[in-house]
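J.: Provided below: run16.cif, containing mmCIF, C-alpha atoms.
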data_input
#
loop_
_atom_site.label_atom_id
_atom_site.label_comp_id
_atom_site.auth_asym_id
_atom_site.auth_seq_id
_atom_site.Cartn_x
_atom_site.Cartn_y
_atom_site.Cartn_z
CA MET A 17 46.39 -8.99 -10.09
CA SER A 18 44.82 -10.17 -13.31
CA GLU A 19 42.12 -8.26 -15.14
CA LEU A 20 39.70 -11.09 -14.38
CA THR A 21 40.37 -10.76 -10.63
CA ILE A 22 39.93 -6.99 -10.78
CA ALA A 23 36.66 -7.37 -12.71
CA ARG A 24 35.38 -9.94 -10.22
CA GLN A 25 36.25 -7.64 -7.32
CA ALA A 26 34.31 -4.80 -8.99
CA ILE A 27 31.28 -7.05 -9.45
CA ALA A 28 31.51 -8.25 -5.83
CA HIS A 29 31.72 -4.60 -4.74
CA ARG A 30 28.54 -3.90 -6.74
CA GLY A 31 26.92 -6.88 -5.02
CA ARG A 32 27.84 -5.44 -1.61
CA ARG A 33 26.34 -2.06 -2.56
CA LEU A 34 23.14 -3.82 -3.65
CA GLU A 35 22.96 -5.65 -0.33
CA TYR A 36 23.53 -2.43 1.64
CA PHE A 37 20.65 -0.91 -0.30
CA THR A 38 18.54 -4.04 0.31
CA ILE A 39 19.16 -3.80 4.05
CA ALA A 40 18.38 -0.07 4.21
CA TRP A 41 15.30 -0.22 1.96
CA ASN A 42 13.80 -3.30 3.58
CA SER A 43 14.39 -1.94 7.08
CA PHE A 44 12.47 1.20 6.12
CA GLU A 45 9.80 -0.78 4.25
CA GLY A 46 9.41 -3.23 7.12
CA LEU A 47 8.97 -0.54 9.76
CA ILE A 48 6.37 1.31 7.68
CA ALA A 49 4.50 -1.89 6.76
CA VAL A 50 4.40 -3.32 10.27
CA GLY A 51 3.38 0.03 11.75
CA ALA A 52 0.65 0.56 9.16
CA GLY A 53 -0.42 -3.07 9.52
CA VAL A 54 -0.75 -2.86 13.29
CA VAL A 55 -2.76 0.37 13.02
CA ALA A 56 -5.04 -1.12 10.34
CA GLY A 57 -5.18 -4.61 11.84
CA SER A 58 -3.96 -6.00 8.50
CA VAL A 59 -2.20 -9.36 8.54
CA SER A 60 -1.17 -8.81 4.93
CA LEU A 61 0.60 -5.55 5.79
CA VAL A 62 2.27 -7.01 8.87
CA GLY A 63 3.25 -10.09 6.84
CA PHE A 64 4.67 -7.83 4.14
CA GLY A 65 6.67 -6.03 6.82
CA MET A 66 7.92 -9.33 8.21
CA ASP A 67 8.97 -10.31 4.69
CA SER A 68 10.97 -7.08 4.57
CA PHE A 69 12.79 -8.03 7.78
CA ILE A 70 13.44 -11.50 6.41
CA GLU A 71 14.95 -9.83 3.34
CA VAL A 72 17.15 -7.78 5.69
CA ALA A 73 18.45 -11.06 7.13
CA SER A 74 18.99 -12.40 3.64
CA GLY A 75 20.74 -9.18 2.58
CA ALA A 76 23.02 -9.29 5.61
CA THR A 77 23.86 -12.89 4.80
CA LEU A 78 24.72 -12.00 1.21
CA LEU A 79 26.75 -9.02 2.36
CA TRP A 80 28.75 -11.42 4.52
CA ARG A 81 29.11 -13.79 1.58
CA MET A 82 30.30 -10.97 -0.74
CA SER A 83 32.86 -9.81 1.85
CA VAL A 84 35.04 -12.88 1.20
CA ASP A 85 34.56 -13.19 -2.56
CA SER A 86 38.29 -12.93 -3.29
CA ASP A 87 39.06 -15.94 -1.04
CA VAL A 88 37.86 -18.96 -3.03
CA GLU A 89 37.74 -21.37 -0.08
CA ARG A 90 35.83 -18.99 2.22
CA ARG A 91 33.62 -17.91 -0.69
CA GLU A 92 32.46 -21.48 -1.28
CA ARG A 93 31.81 -22.10 2.43
CA ASN A 94 29.90 -18.83 2.80
CA GLU A 95 28.00 -19.50 -0.43
CA LYS A 96 26.64 -22.79 0.89
CA LEU A 97 25.73 -21.36 4.28
CA SER A 98 24.13 -18.30 2.64
CA LEU A 99 21.90 -20.55 0.53
CA ARG A 100 20.72 -22.35 3.66
CA ILE A 101 20.01 -19.11 5.51
CA VAL A 102 18.02 -17.68 2.57
CA GLY A 103 16.05 -20.94 2.44
CA VAL A 104 15.27 -20.77 6.16
CA CYS A 105 14.12 -17.17 5.64
CA PHE A 106 11.64 -18.34 2.98
CA ILE A 107 10.28 -21.03 5.30
CA ALA A 108 9.95 -18.60 8.21
CA LEU A 109 7.94 -16.21 6.07
CA ALA A 110 5.60 -18.94 4.82
CA VAL A 111 4.96 -20.22 8.36
CA TYR A 112 4.29 -16.71 9.70
CA ILE A 113 1.89 -15.68 6.93
CA THR A 114 0.01 -18.99 7.08
CA TYR A 115 -0.40 -18.77 10.85
CA GLU A 116 -1.53 -15.13 10.90
CA ALA A 117 -3.91 -15.58 7.96
CA LEU A 118 -5.55 -18.62 9.56
CA VAL A 119 -5.94 -16.87 12.92
CA ASP A 120 -7.54 -13.82 11.26
CA LEU A 121 -9.86 -15.98 9.16
CA ILE A 122 -10.95 -18.03 12.18
CA ARG A 123 -11.54 -14.89 14.24
CA LYS A 124 -13.09 -13.11 11.23
CA THR A 125 -10.92 -10.09 11.95
CA ALA A 126 -11.41 -7.46 9.23
CA PRO A 127 -8.62 -4.90 8.75
CA GLU A 128 -9.12 -1.15 8.42
CA HIS A 129 -8.19 0.76 5.26
CA SER A 130 -4.51 1.68 4.91
CA ILE A 131 -3.49 4.49 2.58
CA PRO A 132 0.15 4.29 3.80
CA GLY A 133 0.08 0.58 2.97
CA ILE A 134 -1.22 1.28 -0.54
CA ALA A 135 1.49 3.90 -1.12
CA LEU A 136 4.19 1.57 0.21
CA ALA A 137 3.06 -1.26 -2.06
CA CYS A 138 3.15 1.08 -5.08
CA VAL A 139 6.69 2.24 -4.32
CA SER A 140 7.80 -1.32 -3.68
CA LEU A 141 6.44 -2.33 -7.09
CA ILE A 142 8.86 0.19 -8.61
CA VAL A 143 11.95 -0.45 -6.45
CA MET A 144 11.94 -4.25 -6.13
CA PRO A 145 11.99 -5.26 -9.83
CA ILE A 146 14.96 -2.94 -10.44
CA LEU A 147 16.78 -4.36 -7.41
CA SER A 148 16.02 -7.94 -8.47
CA ARG A 149 17.40 -7.40 -11.98
CA ALA A 150 20.59 -5.90 -10.57
CA LYS A 151 21.02 -8.83 -8.14
CA LYS A 152 20.47 -11.36 -10.95
CA SER A 153 23.13 -9.61 -13.01
CA VAL A 154 25.65 -9.82 -10.16
CA GLY A 155 24.65 -13.41 -9.36
CA ASN A 156 25.17 -14.46 -12.96
CA ALA A 157 28.49 -12.61 -13.27
CA LEU A 158 29.84 -14.18 -10.07
CA ASN A 159 28.12 -17.52 -10.65
CA SER A 160 26.66 -17.15 -7.15
CA ALA A 161 23.69 -19.37 -6.41
CA ALA A 162 23.21 -17.48 -3.14
CA MET A 163 22.93 -14.10 -4.90
CA LYS A 164 20.55 -15.63 -7.45
CA ALA A 165 18.43 -17.01 -4.59
CA ASP A 166 18.44 -13.58 -2.96
CA ALA A 167 17.24 -12.12 -6.28
CA ARG A 168 14.41 -14.68 -6.32
CA GLN A 169 13.49 -13.61 -2.80
CA THR A 170 13.35 -10.04 -4.09
CA ASP A 171 11.09 -11.28 -6.93
CA PHE A 172 8.88 -12.82 -4.26
CA CYS A 173 8.66 -9.38 -2.66
CA VAL A 174 7.45 -8.00 -6.01
CA TYR A 175 4.66 -10.60 -6.06
CA LEU A 176 3.79 -9.87 -2.44
CA SER A 177 3.71 -6.14 -3.22
CA LEU A 178 1.26 -6.73 -6.06
CA ILE A 179 -0.93 -9.03 -3.97
CA LEU A 180 -0.79 -6.57 -1.08
CA LEU A 181 -1.73 -3.65 -3.33
CA VAL A 182 -4.68 -5.50 -4.84
CA GLY A 183 -5.89 -6.62 -1.41
CA LEU A 184 -5.54 -3.17 0.16
CA VAL A 185 -7.29 -1.47 -2.76
CA LEU A 186 -10.13 -4.03 -2.68
CA ASN A 187 -10.44 -3.48 1.06
CA ALA A 188 -10.49 0.30 0.67
CA VAL A 189 -12.83 0.41 -2.34
CA ALA A 190 -15.16 -2.55 -1.85
CA GLY A 191 -14.67 -3.53 1.80
CA TRP A 192 -13.24 -6.95 0.81
CA TRP A 193 -10.73 -8.28 3.27
CA CYS A 194 -10.28 -12.03 2.88
#
Let me see the structure of the file written as structure tokens.
T.:
Amino acid sequence: MSELTIARQAIAHRGRRLEYFTIAWNSFEGLIAVGAGVVAGSVSLVGFGMDSFIEVASGATLLWRMSVDSDVERRERNEKLSLRIVGVCFIALAVYITYEALVDLIRKTAPEHSIPGIALACVSLIVMPILSRAKKSVGNALNSAAMKADARQTDFCVYLSLILLVGLVLNAVAGWWC
């Protein structure tokens, strides 16, 4: 095997480790967020949790894509399919959040305060940027549009974490909820 092949395999292995971490972290994050969101009646927390589960699907897709990195033909096929799946995940999240937000606004349903949600958003604001940078590095090294798209989805989680944190703090401090 050439040094280039060995280096690519090492990078693909790093990509797989990142996706295993993505799946584990987002499963944990999703369970906490959905549970806290249901208790508090917070569409933003439940939506954040749903985003975490969508990232689990994206991570599993990328893990599948990374598993065949050494086979050029299968890699290209999996790359294209992975991009489509990540795109569908983005659309599913947007539809869900839009629907839930509209229903809550129409019903004028105010959520309760959520300290666990605030803590989760704070931790996510630390973990997700580090994870995104690592995924971008792997995506660039492998020239993988799917891994780069997965990194962008992780960036989206950073933005959602910040928006969630601001919303939850405003709700807790000032009683603002919409």
J.: Nearest to Asn156 in chain A: which of A:Gln25, A:Ser83, A:Val185, A:Gly31 is it, counting all atoms listed in the file?
T.: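 Selected residue with least distance to Asn156 in chain A: A:Gly31.
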J.: CA of Leu79 in chain A and CA of Gly65 in chain A, how far apart in Å?
T.: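 We find that CA of Gly65 in chain A and CA of Leu79 in chain A lie 20.8 Å from each other.
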J.: What's the separation between CA of Pro145 in chain A and CA of Val182 in chain A, in Å to one decimal place?
T.: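 Answer for the CA of Pro145 in chain A to CA of Val182 in chain A separation: 17.4 Å.
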J.: May I ask for the distance between CA of Ala167 in chain A and CA of Gly183 in chain A, given in Å to one decimal place?
T.: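 For CA of Ala167 in chain A relative to CA of Gly183 in chain A, the distance reads 24.3 Å.
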J.: Need to verify the contact set: Ser140 in chain A, 7 Å, all atoms listed in the file, exclusion of same-chain residues closer than 4 positions in sequence. Can you return it as an MDAnalysis selection string?
T.: chainID A and resid 136 144 177
J.: May I have the selected residues written with C-alpha atoms, as a PDB file, in the frame of the given file?
T.:
ATOM      1  CA  LEU A 136       4.190   1.570   0.210  1.00  0.00           C
ATOM      2  CA  MET A 144      11.940  -4.250  -6.130  1.00  0.00           C
ATOM      3  CA  SER A 177       3.710  -6.140  -3.220  1.00  0.00           C
TER       4      SER A 177
END
J.: Determine the residue set returned by the PyMOL selection byres ((chain A and resi 82) around 10) for the present structure, and present it as a list in words.
T.: Gln25, Ile27, Ala28, His29, Arg30, Gly31, Arg32, Arg33, Glu35, Ala76, Thr77, Leu78, Leu79, Trp80, Arg81, Ser83, Val84, Asp85, Ser86, Arg91, Asn94, Glu95, Leu158, Ser160, Ala162 and Met163 of chain A
J.: Between A:Ala108, A:Cys173, A:Val62, A:Ala157, which residue has the minimum interatomic distance to Asn42 in chain A, considering all atoms listed in the file?
T.: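 Among the listed residues, A:Cys173 lies closest to Asn42 in chain A.
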J.: For each of A:Met66, A:Ile101, A:Val174, A:Ile39, take the minimum atom-to-atom distance to Gly51 in chain A, counting all atoms listed in the file, then give the residue where this is smallest.
T.: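 Checking each of A:Met66, A:Ile101, A:Val174, A:Ile39 against Gly51 in chain A, counting all atoms listed in the file, the winner is A:Met66.
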J.: Near Gly63 in chain A, counting all atoms listed in the file, which residues have an atom at most 10 Å away, once you skip same-chain residues fewer than 6 positions from it, shown as a list in words?
T.: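 Once the nearby chain positions are removed, what remains is Gly46, Ala49, Val50, Gly53, Phe69, Leu109, Ala110, Tyr112, Ile113, Thr114, Glu116, Ala117, Leu176 and Leu180 of chain A.
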J.: Out of A:Ile134, A:Ala161, A:Leu61, A:Ala150, which residue has the shortest atom-to-atom distance to Val102 in chain A when counting only C-alpha atoms?
T.: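 Selected residue with least distance to Val102 in chain A: A:Ala161.
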J.: Find, counting all atoms listed in the file, the residue in A:Ser60, A:Ser148, A:Ser130, A:Thr21 that gets nearest to Ile179 in chain A.
T.: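 Of A:Ser60, A:Ser148, A:Ser130, A:Thr21, the one nearest Ile179 in chain A, counting all atoms listed in the file, is A:Ser60.
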J.: Please return, as a ChimeraX atom specification, all polymer residues that have at least one atom within 9 Å of the point (-6.4, 1.0, 1.0); use all atoms listed in the file and the file's own coordinate frame.
T.: /A:128-135,181-189
J.: Taking only C-alpha atoms into account, name the residue in A:Phe37, A:Val104, A:Asp87, A:Asp67 that is nearest to Ile146 in chain A.
T.: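 Using only C-alpha atoms, the shortest distance to Ile146 in chain A belongs to A:Phe37.
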